[in-house]
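Asks: First the structure, which I've put down as structure tokens, then a few questions once you've had a look.
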Amino acid sequence: MNDAAARNFEYLAYGLIAVWVILVAYVLTLVSREGKIRAQIDVLRRMMEDHGKL
Amino acid sequence: MKQKILYALGVVAALLLTRNIWTMLTKLPDEAFQGAIFRIIFFHVPCAFTCFLCFFMTLIAAIAYLSTHNLKWDAFAVSATEVGLAFGAANLVTGMIWARIIWGIWWTWDWRLTSMLVCWLLYAGYLVLRDAIEEPTERARLAAVMSILSFSVVPFVFFSIKWFRTQHPQPVLYGGGKMDSAYRIMLYGNWVPILLFAVILIAIRMGQERRQRELDALRREIHAF
């Protein structure tokens, strides 16, 4: 494989990695949002328990 | 049940994608002029298709919200926009990596590239606008209007390579463009798992939006006492 072909493959790998990094980053934002929602549910549950609503 | 369907779709998408990557790296020949980097088109174009499809669904959801005032449509619109933006970003970045090898530059202010960037920024603005408005119905109404206005750029992005002289390659899937059938099958074949991932992500995001809305309603109820 000559230098140009090797560089081609190198950049192809960067492209594939970039797609997955972007999608994984988005999935991580979903995971973090899920964690925040769960934390809010816990806070609300405690508030309702304090108010004797449960 | 719904979660099991999503898991099953995820497994199918992952298997298809693994098979496609293996086939494109080991079975498909290099393109005569571009070499190995040509294979980036199998992600670049399906990501663009998925992005535009998401934005089109956002448009439908925005119109549906304005005519029904059902907040489910708003939840769908924001979910599809976010996922569309993720795939739009993947499209822009893969295009830049391809351009670095083929054109020798990362970016040029060409009609297609610039209009795609403007389109992406408009939809990113849609998310910023949503964050700035507290009241849910007002937020949904203004976001729907913004989404309809933003979609006006999408046909411009899509047809810019036909309407203007651009550095971006001419269409190879429609019009007078040509593409070898093996490449064409791989391109559409790779769109399937990418589309499945988009569906899964939209479904997960919609679930979160629904739960967040229920939580906000409950919180308002508690504070009202």
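Residue names in the structure tokens use chain letters A, B, ... in the order shown, residue numbers from 1 in each chain, and ligand numbers from 1 in the order shown.
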Residues of chain B within 10 Å of chain A: nearest atom pair and distance (Å, one decimal) for each, counting only C-alpha atoms, sorted by chain and number, as a Markdown table?
Replies:
```
| residue | atom | partner | partner_atom | distance |
| --- | --- | --- | --- | --- |
| B:Ile21 | CA | A:Leu16 | CA | 9.5 |
| B:Leu25 | CA | A:Phe9 | CA | 9.9 |
| B:Asp30 | CA | A:Ala5 | CA | 9.9 |
| B:Gln34 | CA | A:Asn8 | CA | 8.5 |
| B:Gly35 | CA | A:Asn8 | CA | 6.9 |
| B:Ala36 | CA | A:Asn8 | CA | 5.6 |
| B:Ile37 | CA | A:Leu12 | CA | 5.1 |
| B:Phe38 | CA | A:Leu12 | CA | 8.1 |
| B:Arg39 | CA | A:Leu12 | CA | 7.2 |
| B:Ile40 | CA | A:Leu12 | CA | 6.2 |
| B:Ile41 | CA | A:Gly15 | CA | 9.9 |
| B:Phe42 | CA | A:Leu16 | CA | 9.9 |
| B:Phe43 | CA | A:Leu16 | CA | 7.8 |
| B:His44 | CA | A:Gly15 | CA | 8.9 |
| B:Cys47 | CA | A:Val19 | CA | 9.0 |
| B:Glu82 | CA | A:Tyr26 | CA | 8.7 |
| B:Val83 | CA | A:Tyr26 | CA | 8.2 |
| B:Leu85 | CA | A:Tyr26 | CA | 9.7 |
| B:Ala86 | CA | A:Leu23 | CA | 6.5 |
| B:Phe87 | CA | A:Leu23 | CA | 7.7 |
| B:Gly88 | CA | A:Ile22 | CA | 10.0 |
| B:Ala89 | CA | A:Ile22 | CA | 7.4 |
| B:Ala90 | CA | A:Val19 | CA | 5.1 |
| B:Asn91 | CA | A:Val19 | CA | 8.1 |
| B:Leu92 | CA | A:Val19 | CA | 9.9 |
| B:Val93 | CA | A:Ala18 | CA | 7.1 |
| B:Thr94 | CA | A:Gly15 | CA | 5.2 |
| B:Gly95 | CA | A:Gly15 | CA | 8.5 |
| B:Met96 | CA | A:Gly15 | CA | 8.9 |
| B:Ile97 | CA | A:Gly15 | CA | 6.2 |
| B:Trp98 | CA | A:Tyr11 | CA | 7.5 |
| B:Arg100 | CA | A:Tyr11 | CA | 8.5 |
| B:Ile101 | CA | A:Asn8 | CA | 7.0 |
| B:Ile102 | CA | A:Asn8 | CA | 9.3 |
| B:Phe197 | CA | A:Leu23 | CA | 9.4 |
| B:Ala198 | CA | A:Leu23 | CA | 9.9 |
| B:Leu201 | CA | A:Val27 | CA | 7.9 |
| B:Ile204 | CA | A:Leu30 | CA | 8.1 |
| B:Arg205 | CA | A:Leu30 | CA | 7.0 |
| B:Gly207 | CA | A:Glu34 | CA | 9.8 |
| B:Gln208 | CA | A:Glu34 | CA | 6.8 |
| B:Glu209 | CA | A:Ile37 | CA | 9.6 |
| B:Arg211 | CA | A:Ile37 | CA | 7.6 |
| B:Gln212 | CA | A:Ile37 | CA | 6.6 |
| B:Leu215 | CA | A:Ile41 | CA | 7.1 |
| B:Asp216 | CA | A:Gln40 | CA | 9.5 |
| B:Leu218 | CA | A:Leu44 | CA | 8.2 |
| B:Arg219 | CA | A:Leu44 | CA | 7.1 |
| B:Ile222 | CA | A:Met48 | CA | 7.7 |
| B:Phe225 | CA | A:His51 | CA | 9.6 |
```
Asks: Considering only helix (DSSP H, G or I) as DSSP defines it on the backbone, what residues of stretch 32-223 of chain B qualify? List them as a ChimeraX atom specification.
Replies: /B:36-68,71-102,111-132,136-151,153-163,181-223
Asks: Taking only C-alpha atoms into account, produce a table as CSV in which each residue of stretch 140-176 of chain B with an atom at most 7 Å from an atom of stretch 57-70 of chain B appears once, together with its shortest atom pair and the distance in Å to one decimal, ordered by chain and rising number.
Replies:
```
residue,atom,partner,partner_atom,distance
B:Arg141,CA,B:Leu66,CA,6.6
B:Ala144,CA,B:Ala62,CA,4.4
B:Ser147,CA,B:Leu59,CA,6.3
B:Ile148,CA,B:Leu59,CA,5.5
B:Phe151,CA,B:Leu59,CA,6.7
```
Asks: Please dump the current selection as a PDB file, in the first residue's frame; keep N, CA and C atoms.
Replies:
```
ATOM      1  N   ARG B 141     -45.872  26.318  20.889  1.00  0.00           N
ATOM      2  CA  ARG B 141     -46.415  27.103  19.773  1.00  0.00           C
ATOM      3  C   ARG B 141     -45.284  27.819  19.017  1.00  0.00           C
ATOM      4  N   ALA B 144     -43.025  25.387  17.215  1.00  0.00           N
ATOM      5  CA  ALA B 144     -43.645  24.862  15.985  1.00  0.00           C
ATOM      6  C   ALA B 144     -43.484  25.848  14.835  1.00  0.00           C
ATOM      7  N   SER B 147     -39.933  25.853  13.742  1.00  0.00           N
ATOM      8  CA  SER B 147     -39.608  24.627  13.025  1.00  0.00           C
ATOM      9  C   SER B 147     -40.100  24.682  11.572  1.00  0.00           C
ATOM     10  N   ILE B 148     -41.305  25.246  11.384  1.00  0.00           N
ATOM     11  CA  ILE B 148     -41.847  25.366  10.016  1.00  0.00           C
ATOM     12  C   ILE B 148     -40.969  26.317   9.196  1.00  0.00           C
ATOM     13  N   PHE B 151     -37.673  24.668   8.211  1.00  0.00           N
ATOM     14  CA  PHE B 151     -37.737  23.641   7.163  1.00  0.00           C
ATOM     15  C   PHE B 151     -37.634  24.255   5.766  1.00  0.00           C
TER      16      PHE B 151
END
```
Asks: Name the residues in contact with B:Asn20 at a cut-off of 10 Å, using only C-alpha atoms, excluding same-chain residues fewer than 3 positions from it; report them as a ChimeraX atom specification.
Replies: /B:14-17,23-27,42,186-187,189-190,193
Asks: Go ahead and write the selection's residues with N, CA and C atoms as a PDB file, in the first residue's frame.
Replies:
```
ATOM      1  N   ALA B  14     -27.586  -3.143  14.859  1.00  0.00           N
ATOM      2  CA  ALA B  14     -26.156  -3.377  15.116  1.00  0.00           C
ATOM      3  C   ALA B  14     -25.619  -4.503  14.229  1.00  0.00           C
ATOM      4  N   LEU B  15     -26.429  -5.559  14.067  1.00  0.00           N
ATOM      5  CA  LEU B  15     -25.983  -6.678  13.226  1.00  0.00           C
ATOM      6  C   LEU B  15     -25.855  -6.247  11.769  1.00  0.00           C
ATOM      7  N   LEU B  16     -26.868  -5.524  11.288  1.00  0.00           N
ATOM      8  CA  LEU B  16     -26.833  -5.052   9.901  1.00  0.00           C
ATOM      9  C   LEU B  16     -25.629  -4.151   9.655  1.00  0.00           C
ATOM     10  N   LEU B  17     -25.385  -3.275  10.618  1.00  0.00           N
ATOM     11  CA  LEU B  17     -24.290  -2.327  10.465  1.00  0.00           C
ATOM     12  C   LEU B  17     -22.937  -3.042  10.461  1.00  0.00           C
ATOM     13  N   THR B  23     -18.595  -5.828   4.865  1.00  0.00           N
ATOM     14  CA  THR B  23     -18.708  -5.942   3.407  1.00  0.00           C
ATOM     15  C   THR B  23     -18.026  -4.768   2.708  1.00  0.00           C
ATOM     16  N   MET B  24     -18.265  -3.537   3.228  1.00  0.00           N
ATOM     17  CA  MET B  24     -17.702  -2.372   2.517  1.00  0.00           C
ATOM     18  C   MET B  24     -16.180  -2.314   2.629  1.00  0.00           C
ATOM     19  N   LEU B  25     -15.622  -2.898   3.700  1.00  0.00           N
ATOM     20  CA  LEU B  25     -14.160  -2.854   3.854  1.00  0.00           C
ATOM     21  C   LEU B  25     -13.459  -4.025   3.174  1.00  0.00           C
ATOM     22  N   THR B  26     -14.169  -5.152   3.046  1.00  0.00           N
ATOM     23  CA  THR B  26     -13.476  -6.332   2.515  1.00  0.00           C
ATOM     24  C   THR B  26     -13.954  -6.764   1.121  1.00  0.00           C
ATOM     25  N   LYS B  27     -15.206  -6.469   0.784  1.00  0.00           N
ATOM     26  CA  LYS B  27     -15.731  -6.978  -0.496  1.00  0.00           C
ATOM     27  C   LYS B  27     -15.788  -5.909  -1.585  1.00  0.00           C
ATOM     28  N   PHE B  42     -21.025   5.968   2.233  1.00  0.00           N
ATOM     29  CA  PHE B  42     -22.017   5.023   2.768  1.00  0.00           C
ATOM     30  C   PHE B  42     -22.517   5.452   4.155  1.00  0.00           C
ATOM     31  N   MET B 186     -25.144  -0.880  -1.374  1.00  0.00           N
ATOM     32  CA  MET B 186     -24.509  -0.667  -0.067  1.00  0.00           C
ATOM     33  C   MET B 186     -24.998   0.637   0.566  1.00  0.00           C
ATOM     34  N   LEU B 187     -25.164   1.667  -0.264  1.00  0.00           N
ATOM     35  CA  LEU B 187     -25.585   2.970   0.262  1.00  0.00           C
ATOM     36  C   LEU B 187     -26.990   2.867   0.878  1.00  0.00           C
ATOM     37  N   GLY B 189     -28.487   0.060   1.615  1.00  0.00           N
ATOM     38  CA  GLY B 189     -28.431  -0.979   2.650  1.00  0.00           C
ATOM     39  C   GLY B 189     -27.932  -0.432   3.970  1.00  0.00           C
ATOM     40  N   ASN B 190     -27.025   0.535   3.914  1.00  0.00           N
ATOM     41  CA  ASN B 190     -26.497   1.113   5.147  1.00  0.00           C
ATOM     42  C   ASN B 190     -27.461   2.144   5.736  1.00  0.00           C
ATOM     43  N   PRO B 193     -29.932   0.355   8.788  1.00  0.00           N
ATOM     44  CA  PRO B 193     -29.585   0.372  10.219  1.00  0.00           C
ATOM     45  C   PRO B 193     -29.496   1.782  10.794  1.00  0.00           C
TER      46      PRO B 193
END
```
Asks: Extract, using only C-alpha atoms, all DNA, RNA and protein residues at most 10 Å from B:Gln3, discarding same-chain residues fewer than 6 positions from it, and format them as a ChimeraX atom specification.
Replies: /B:9,200,203-204
Asks: Report, in Å with one decimal, the straight-line distance from atom CA of B:Thr137 to atom CA of B:Ser152.
Replies: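 Atom CA of B:Ser152 lies at a distance of 23.4 Å from atom CA of B:Thr137.
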